[in-house]
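J.: Starting off with a structure, shown below.
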Amino acid sequence: MTSASSSNFRVLIADDHPLFRAALREAMAGEAAEISEAGSFEAASKTLETDSAFDLVLLDLTMPGVSGFSGLMYLRAQYPALPVVVVSANEDPTVIRRCMDFGASGFIPKTLGVEEMREAVRAVLAGETWSPPDVDLAGPDDGSAKLAARLGTLTPQQVRVLMMLSQGLLNKQIAYELSVSEATVKAHVSAILAKLGVESRTQAVIAASKIEAGQWPERANGM
């Protein structure tokens, strides 16, 4: 990540809706020195692989290539120094809390006004976190923060493997997609099971699906 002032920064907008990308671009106009766009998570990943010297990513939770919090998890694992602000139409307080648990620097509802969006971005660039002031980030003690911490120990490649497991891919298919051996995939799966405290890939997939739905495995309370 480069050093940036609130009026001289590079931002990547990752959202699959062209109209909303245009709205975000307009909101950032006059604020950012450079604005790049991606219409899918794969496109966003390729952009960052080519040039990771962005100061901020504005990420939609729901877009092609990701589900639930997996995109946020991957970016935080792969680029830990790069602030990611989730921009979403889902304003459920539980979802907002989970995003912050998973390392988002902020959560901006898509209903937020342009000037408020700019103020939120300025706060994040100043090293702060930003979320809607009427949302209690503490929330109920359901063990999710501990589970988020465990998920936070996954490497970028393990996050990708977990995402593919959730999509129903077999080890052979995952190995092909990642250009690695099946033995490497098996090693990643074993590490994922150990880190999540589950005993089978089915349990890992169930945990991932519940995370996506904003629910939490019962064992999370003991994690």
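Identifiers in the structure tokens: chain A, B, ... in order shown; residue index from 1 per chain; ligand index from 1 in order shown.
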Any idea what's packed within 8 Å of segment 186-193 of chain A, counting only C-alpha atoms, ignoring anything in its chain fewer than 2 positions away? Could you give it as JSON, numbers by chain?
T.: {"A": [154, 157, 158, 161, 162, 171, 182, 183, 184, 195, 196, 197, 198, 199, 200, 201, 204]}
J.: Skip Thr129 of chain A itself and residues of its chain fewer than 3 positions away, then list as a compact mmCIF listing (two decimals) with C-alpha atoms, in the first residue's frame all residues within 7 Å of it, counting only C-alpha atoms.
T.:
```txt
# COMPACT_ATOMS: atom_id res chain seq x y z
CA SER A 105 -11.69 -1.17 7.75
CA GLY A 106 -15.21 0.05 7.23
CA ALA A 123 -11.70 8.36 8.09
CA VAL A 124 -10.37 5.01 6.83
```
J.: Please, which residues of segment 35-173 of chain A, numbered as in this document, come out alpha helix (DSSP H) from DSSP, as a ChimeraX atom specification?
T.: /A:41-50,70-78,93-101,114-125,144-151,156-166,171-173
J.: Name the residues in contact with Val57 of chain A at a cut-off of 12 Å, using only C-alpha atoms, excluding same-chain residues fewer than 4 positions from it; report them as a VMD selection string.
T.: chain A and resid 1 9 to 15 24 28 32 35 to 38 41 44 to 45 47 to 48 52 to 53 61 71 to 72 75 to 76 79 to 87 104 to 107 121 124 to 125
J.: What parts of segment 29-180 of chain A does DSSP call strand (DSSP E)? I'd like the answer as a list in words.
T.: Glu34, Ile35, Ser36, Glu37, Ala38, Leu56, Val57, Leu58, Leu59, Val84, Val85, Val86, Val87, Ser88, Gly106, Phe107, Ile108 and Pro109 of chain A
J.: Store the residues of this selection in a file with C-alpha atoms, as a compact mmCIF listing (two decimals), in the first residue's frame.
T.:
```
# COMPACT_ATOMS: atom_id res chain seq x y z
CA GLU A 34 -6.72 7.33 -9.49
CA ILE A 35 -9.82 5.15 -9.67
CA SER A 36 -9.83 1.60 -11.06
CA GLU A 37 -12.85 -0.67 -11.46
CA ALA A 38 -13.52 -4.42 -11.43
CA LEU A 56 -8.12 1.38 -0.62
CA VAL A 57 -10.50 -1.26 -1.97
CA LEU A 58 -14.24 -0.64 -2.01
CA LEU A 59 -15.69 -4.18 -2.08
CA VAL A 84 -10.84 -2.93 2.51
CA VAL A 85 -14.14 -1.12 2.94
CA VAL A 86 -17.27 -3.19 2.32
CA VAL A 87 -19.95 -1.37 0.34
CA SER A 88 -23.20 -3.31 0.50
CA GLY A 106 -15.21 0.05 7.23
CA PHE A 107 -18.75 -0.74 6.14
CA ILE A 108 -20.60 1.70 3.90
CA PRO A 109 -24.30 1.05 3.18
```
J.: Please measure the separation of atom CA of Leu137 of chain A and atom CA of Asp92 of chain A, giving the value in Å to one decimal.
T.: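 Distance reported for this atom pair: 11.5 Å.
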J.: Work out how far apart atom CA of Thr62 of chain A and atom CA of Val114 of chain A are and give it in Å to one decimal.
T.: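 According to the coordinates, atom CA of Thr62 of chain A and atom CA of Val114 of chain A are separated by 21.1 Å.
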J.: Looking at only C-alpha atoms, which of A:Phe20, A:Trp130, A:Tyr176, A:Phe102 is the one that sits closest to Met73 of chain A?
T.: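 Answer, going by the shortest atom-to-atom distance: A:Phe102.
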J.: What does the distance between atom CA of Val205 of chain A and atom CA of Leu165 of chain A come to in Å, to one decimal place?
T.: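 So the two atoms, atom CA of Val205 of chain A and atom CA of Leu165 of chain A, lie 6.3 Å apart.
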J.: Under the rule that only C-alpha atoms are counted, which of A:Lys172, A:Lys146, A:Lys110, A:Arg160 is the nearest residue to Leu19 of chain A?
T.: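 Nearest candidate to Leu19 of chain A out of A:Lys172, A:Lys146, A:Lys110, A:Arg160: A:Lys110.
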